[in-house]
$ cat structure.txt   # compact mmCIF, C-alpha atoms
# COMPACT_ATOMS: atom_id res chain seq x y z
CA MET A 199 127.99 87.83 122.39
CA THR A 200 126.45 90.68 120.43
CA HIS A 201 128.71 93.52 119.29
CA TYR A 202 127.66 97.17 119.36
CA ALA A 203 129.95 99.76 117.76
CA LEU A 204 129.07 103.28 118.88
CA THR A 205 129.56 106.62 117.21
CA ILE A 206 129.44 109.24 119.95
CA THR A 207 129.43 112.93 119.15
CA ARG A 208 128.93 116.22 120.88
CA ALA A 209 128.60 119.42 118.84
CA ASP A 210 130.95 121.33 121.14
CA ALA A 211 131.79 121.78 124.82
CA ASP A 212 128.61 123.84 125.33
CA ASP A 213 126.33 121.10 123.97
CA LYS A 214 124.40 119.61 126.88
CA ALA A 215 124.30 115.99 125.70
CA TRP A 216 126.11 113.32 123.75
CA THR A 217 124.51 111.97 120.57
CA VAL A 218 124.93 108.22 120.31
CA ALA A 219 124.43 106.17 117.15
CA ILE A 220 124.73 102.40 117.21
CA ASP A 221 126.37 101.34 113.94
CA GLY A 222 124.00 99.21 111.88
CA LEU A 223 121.01 100.10 114.08
CA PRO A 224 119.96 103.61 113.05
CA ASP A 225 116.61 103.41 114.87
CA ARG A 226 118.28 102.98 118.26
CA GLY A 227 120.18 106.25 118.48
CA PHE A 228 119.74 108.42 121.56
CA ARG A 229 121.08 111.43 123.45
CA GLU A 230 122.61 111.14 126.88
CA LYS A 231 123.79 113.91 129.22
CA ASN A 232 126.25 111.75 131.12
CA PHE A 233 129.02 110.04 129.12
CA THR A 234 129.40 107.27 131.70
CA ALA A 235 125.68 106.43 131.37
CA ILE A 236 126.05 105.62 127.65
CA ASP A 237 127.39 102.11 128.32
CA THR A 238 124.48 101.30 130.65
CA ARG A 239 121.94 102.66 128.19
CA VAL A 240 123.32 100.58 125.32
CA ARG A 241 123.26 97.46 127.50
CA GLU A 242 119.62 98.17 128.41
CA LEU A 243 118.74 98.59 124.73
CA ALA A 244 120.53 95.35 123.90
CA GLN A 245 118.43 93.52 126.46
CA GLN A 246 115.13 95.16 125.47
CA HIS A 247 115.48 94.89 121.69
CA ASP A 248 117.79 91.92 121.12
CA GLY A 249 117.27 89.84 124.25
CA THR A 250 121.01 90.06 124.87
CA ASP A 251 122.27 89.60 128.41
CA PRO A 252 123.51 93.12 129.30
CA ASP A 253 126.68 91.71 130.84
CA THR A 254 127.68 89.97 127.61
CA ALA A 255 127.09 92.87 125.21
CA ASP A 256 130.40 93.80 123.57
CA ILE A 257 130.55 97.60 123.24
CA THR A 258 133.26 99.48 121.36
CA TYR A 259 133.69 103.06 120.24
CA ALA A 260 133.79 103.39 116.45
CA CYS A 261 134.13 107.16 116.76
CA VAL A 262 134.16 109.67 119.62
CA ARG A 263 134.15 113.30 118.60
CA ILE A 264 133.61 116.67 120.28
CA GLY A 265 133.20 119.26 117.56
CA ASP A 266 136.21 118.87 115.28
CA VAL A 267 138.24 116.97 117.88
CA GLU A 268 138.23 113.19 117.44
CA ILE A 269 139.60 111.18 120.35
CA THR A 270 138.77 107.62 119.28
CA ALA A 271 142.35 106.42 118.78
CA GLN A 272 143.51 107.97 122.05
CA LEU A 273 140.65 106.31 123.96
CA HIS A 274 141.49 102.92 122.44
CA HIS A 275 145.15 103.38 123.38
CA LEU A 276 144.24 104.45 126.93
CA ASN A 277 141.98 101.40 127.35
CA ARG A 278 144.74 99.07 126.13
CA LEU A 279 147.16 100.61 128.63
CA ARG A 280 144.63 100.28 131.46
CA HIS A 281 144.12 96.62 130.58
CA GLN A 282 147.89 96.04 130.60
CA ALA A 283 148.18 97.87 133.94
CA ARG A 284 145.51 95.60 135.48
CA GLU A 285 147.39 92.54 134.24
CA VAL A 286 150.66 93.84 135.70
CA ALA A 287 148.94 94.70 139.01
CA ASP A 288 147.59 91.14 139.19
CA GLN A 289 151.09 89.76 138.56
CA ILE A 290 152.52 92.02 141.27
CA ASP A 291 149.88 90.82 143.73
CA ASN A 292 150.61 87.16 142.96
CA ILE A 293 154.39 87.56 143.24
CA THR A 294 154.03 89.58 146.45
CA ASP A 295 151.89 86.86 148.01
CA ASP A 296 154.38 84.19 146.91
CA LEU A 297 157.25 86.19 148.41
CA ILE A 298 155.39 86.75 151.67
CA ALA A 299 154.78 83.02 151.94
CA ALA A 300 158.42 82.21 151.18
CA LEU A 301 159.84 84.80 153.56
CA ARG A 302 157.46 84.07 156.42
CA ARG A 303 157.01 80.30 156.23
CA GLU A 304 160.14 79.04 154.52
CA ALA A 305 162.75 81.60 155.62
CA GLY A 306 161.13 82.22 159.00
CA LEU A 307 161.28 86.03 158.87
CA SER A 308 159.13 88.15 161.14
CA THR A 309 156.31 90.27 159.77
CA ARG A 310 158.44 93.40 160.24
CA ASP A 311 161.47 91.92 158.46
CA THR A 312 159.28 90.67 155.61
CA ALA A 313 157.75 94.14 155.33
CA ALA A 314 161.20 95.74 155.16
CA VAL A 315 162.35 93.37 152.42
CA LEU A 316 159.23 93.97 150.31
CA GLY A 317 158.90 97.70 150.98
CA LEU A 318 155.49 97.32 152.61
CA SER A 319 154.19 98.05 156.08
CA HIS A 320 154.04 95.23 158.61
CA ALA A 321 150.27 95.83 158.81
CA ARG A 322 149.95 95.24 155.06
CA ILE A 323 151.91 91.99 155.35
CA SER A 324 149.50 90.83 158.06
CA GLN A 325 146.49 91.79 155.93
CA ARG A 326 147.79 89.91 152.91
CA GLU A 327 148.57 86.82 155.02
CA HIS A 328 145.10 86.94 156.55
CA ASN A 329 143.44 87.21 153.10
CA ASN A 330 145.31 84.19 151.71
$ encode --input "structure.txt" --output "structure tokens"
Amino acid sequence: MTHYALTITRADADDKAWTVAIDGLPDRGFREKNFTAIDTRVRELAQQHDGTDPDTADITYACVRIGDVEITAQLHHLNRLRHQAREVADQIDNITDDLIAALRREAGLSTRDTAAVLGLSHARISQREHNN
């Protein structure tokens, strides 16, 4: 896996594009109007210049700055929290499915009673049972 650390700047809020520098690769800098397109563009460059599979390119933000405002640390913190939230959501899904199975199959509760115990609608219980 190839690592690409990006320095992303914008002169100010009125600037029309982001300036992207790839640390260690000064000849591959570019400007991009859409922040969300930066990731895709770096992955395309990785494939074109390094032969790296775009899906395996490891991209991090070394610095993100708009004028004098640097938001790098806050973005890293937000991404860590989002990752933790996805892990917790996965755990909730697994426990919910286990509880549905226990309440429906082992305890013999109806869909409506199971829904009441878990704080879900009876339709959602049916959906989850159907998907498992």
$ residues_near_point --input "structure.txt" --point "(120.4, 92.9, 125.7)" --cutoff "12 Å" --atoms "all atoms listed in the file" --output "PDB file with C-alpha atoms, in the frame of the given file"
ATOM      1  CA  MET A 199     127.990  87.830 122.390  1.00  0.00           C
ATOM      2  CA  THR A 200     126.450  90.680 120.430  1.00  0.00           C
ATOM      3  CA  HIS A 201     128.710  93.520 119.290  1.00  0.00           C
ATOM      4  CA  TYR A 202     127.660  97.170 119.360  1.00  0.00           C
ATOM      5  CA  ASP A 237     127.390 102.110 128.320  1.00  0.00           C
ATOM      6  CA  THR A 238     124.480 101.300 130.650  1.00  0.00           C
ATOM      7  CA  ARG A 239     121.940 102.660 128.190  1.00  0.00           C
ATOM      8  CA  VAL A 240     123.320 100.580 125.320  1.00  0.00           C
ATOM      9  CA  ARG A 241     123.260  97.460 127.500  1.00  0.00           C
ATOM     10  CA  GLU A 242     119.620  98.170 128.410  1.00  0.00           C
ATOM     11  CA  LEU A 243     118.740  98.590 124.730  1.00  0.00           C
ATOM     12  CA  ALA A 244     120.530  95.350 123.900  1.00  0.00           C
ATOM     13  CA  GLN A 245     118.430  93.520 126.460  1.00  0.00           C
ATOM     14  CA  GLN A 246     115.130  95.160 125.470  1.00  0.00           C
ATOM     15  CA  HIS A 247     115.480  94.890 121.690  1.00  0.00           C
ATOM     16  CA  ASP A 248     117.790  91.920 121.120  1.00  0.00           C
ATOM     17  CA  GLY A 249     117.270  89.840 124.250  1.00  0.00           C
ATOM     18  CA  THR A 250     121.010  90.060 124.870  1.00  0.00           C
ATOM     19  CA  ASP A 251     122.270  89.600 128.410  1.00  0.00           C
ATOM     20  CA  PRO A 252     123.510  93.120 129.300  1.00  0.00           C
ATOM     21  CA  ASP A 253     126.680  91.710 130.840  1.00  0.00           C
ATOM     22  CA  THR A 254     127.680  89.970 127.610  1.00  0.00           C
ATOM     23  CA  ALA A 255     127.090  92.870 125.210  1.00  0.00           C
ATOM     24  CA  ASP A 256     130.400  93.800 123.570  1.00  0.00           C
ATOM     25  CA  ILE A 257     130.550  97.600 123.240  1.00  0.00           C
TER      26      ILE A 257
END
$ atom_distance --input "structure.txt" --atom1 "atom CA of Glu285 of chain A" --atom2 "atom CA of Thr270 of chain A"
22.9 Å
$ residues_around --input "structure.txt" --residues "Ile269 of chain A" --least-positions-apart "6" --cutoff "12 Å" --atoms "all atoms listed in the file" --output "number ranges by chain"
A: 205-208, 259-263, 275-276
$ atom_distance --input "structure.txt" --atom1 "atom CA of Arg326 of chain A" --atom2 "atom CA of Ile290 of chain A"
12.7 Å
$ residues_around --input "structure.txt" --residues "segment 222-224 of chain A" --least-positions-apart "2" --cutoff "9 Å" --atoms "all atoms listed in the file" --output "ChimeraX atom specification"
/A:202-203,219-220,226-227
$ closest_residue --input "structure.txt" --among "A:Ala313, A:Ala305, A:Val267, A:Ala215" --to "Arg229 of chain A" --atoms "only C-alpha atoms"
A:Ala215
$ build_atoms --input "structure.txt" --residues "segment 295-311 of chain A" --atoms "N, CA and C atoms" --output "tab-separated table (two decimals), keeping the file's coordinate frame"
chain	number	residue	atom	x	y	z
A	295	ASP	N	152.40	87.91	147.13
A	295	ASP	CA	151.89	86.86	148.01
A	295	ASP	C	152.84	85.66	148.07
A	296	ASP	N	153.41	85.29	146.94
A	296	ASP	CA	154.38	84.19	146.91
A	296	ASP	C	155.61	84.53	147.76
A	297	LEU	N	156.08	85.77	147.63
A	297	LEU	CA	157.25	86.19	148.41
A	297	LEU	C	156.95	86.25	149.90
A	298	ILE	N	155.77	86.73	150.25
A	298	ILE	CA	155.39	86.75	151.67
A	298	ILE	C	155.40	85.34	152.23
A	299	ALA	N	154.81	84.41	151.49
A	299	ALA	CA	154.78	83.02	151.94
A	299	ALA	C	156.19	82.46	152.09
A	300	ALA	N	157.05	82.73	151.12
A	300	ALA	CA	158.42	82.21	151.18
A	300	ALA	C	159.19	82.83	152.33
A	301	LEU	N	159.08	84.13	152.50
A	301	LEU	CA	159.84	84.80	153.56
A	301	LEU	C	159.34	84.45	154.95
A	302	ARG	N	158.02	84.34	155.09
A	302	ARG	CA	157.46	84.07	156.42
A	302	ARG	C	157.55	82.58	156.78
A	303	ARG	N	157.10	81.73	155.89
A	303	ARG	CA	157.01	80.30	156.23
A	303	ARG	C	158.32	79.56	156.01
A	304	GLU	N	158.94	79.80	154.86
A	304	GLU	CA	160.14	79.04	154.52
A	304	GLU	C	161.41	79.63	155.13
A	305	ALA	N	161.54	80.97	155.07
A	305	ALA	CA	162.75	81.60	155.62
A	305	ALA	C	162.60	81.95	157.09
A	306	GLY	N	161.36	81.97	157.58
A	306	GLY	CA	161.13	82.22	159.00
A	306	GLY	C	161.27	83.68	159.43
A	307	LEU	N	161.16	84.62	158.50
A	307	LEU	CA	161.28	86.03	158.87
A	307	LEU	C	160.04	86.51	159.61
A	308	SER	N	160.25	87.52	160.43
A	308	SER	CA	159.13	88.15	161.14
A	308	SER	C	158.31	88.99	160.15
A	309	THR	N	157.15	89.41	160.60
A	309	THR	CA	156.31	90.27	159.77
A	309	THR	C	157.04	91.57	159.45
A	310	ARG	N	157.72	92.14	160.45
A	310	ARG	CA	158.44	93.40	160.24
A	310	ARG	C	159.61	93.24	159.27
A	311	ASP	N	160.35	92.15	159.38
A	311	ASP	CA	161.47	91.92	158.46
A	311	ASP	C	160.95	91.67	157.04
